[in-house]
Each structure stands twice: as structure tokens, then as C-alpha cells.
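Encoded as C-alpha cells, the structure appears first; notes follow it.
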Amino acid sequence: MLQRDLAAAGTTGPLANLTSIIQFYSIELTPMADGRLYVGVTAAVCEHEGELDSMEMGSGRVDSIDKALMLIREAIASHH
């Protein structure tokens with residue numbers, strides 16, 4: 001639905017106006033049984049009529065907090 005709405009708005013690329021409709025990011029850090037961390041990054045985007053929808057920006061399993069921060073940074077920066 002998000003891609004269709006952006007296309008209808010006349011954007012040139014699939015994520016051309018994504019940063020203008022992102023309301024906030026949510027970051028999930030979950031400890032795994034093997035000592036690693038699961039990292040999930042989602043964005044709440046405002047679609048038509050003020051309706052919020054969730055969009056996954058990136059996720060993965062990492063070995064350290066430093067790698068978790070790198071994954072978060074890459075997930076957010078890749079959509080700006």
C-alpha cells in the first residue's frame with residue numbers, strides 16, 4: 001500500500017518521499033538464548049488521512065551492541 005500511495009503522489013523513486021512520511025522509528029532488541037541479539041527496526045509511516053502503518057526497515061541477529069548500532073544506523077540511513 002505504501003508503494004502505491006507514493007506512486008500516486010508522483011514520486012520518482014520507490015522511497016523518494018519516505019522520510020517526509022515517517023512519524024517515528026521503533027527499535028527492538030531481544031536477547032537470544034545463544035547470547036546474541038535480535039535487532040528489528042520499524043518505521044511508523046503516515047499514509048492517507050493520517051492513518052499510521054508500520055514498515056520494516058531492517059532486522060538481523062548480531063553478536064554485540066556495536067553491531068546492533070551499526071544495523072540500526074544502516075536501516076535508518078538507507079531510507080534517507
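Naming scheme: A, B, ... for chains in displayed order of the C-alpha cells; residues 1 onward per chain; ligands 1 onward as shown.
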Exercise for the section: Could you give me the residues within segment 27-74 of chain A that DSSP places in alpha helix (DSSP H), as a PyMOL selection string? Expected result: chain A and resi 65-74
Exercise for the section: Please provide as a VMD selection string all residues within 9 Å of segment 68-76 of chain A, with the sequence filter that same-chain residues fewer than 3 positions apart are discarded (counting only C-alpha atoms). Expected result: chain A and resid 25 27 29 37 to 43 57 to 65 79 to 80
Handout entry: Those of segment 6-75 of chain A in DSSP strand (DSSP E), formatted as a count of residues only
Key = 31
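With atom CA of Gly50 of chain A on one side and atom CA of Ser26 of chain A on the other, the separation reads 18.5 Å.
Compared by their closest atoms to Phe24 of chain A, and using only C-alpha atoms, the residues A:Arg36, A:Ser54, A:Ala77, A:Ala44 rank with A:Ala44 nearest.
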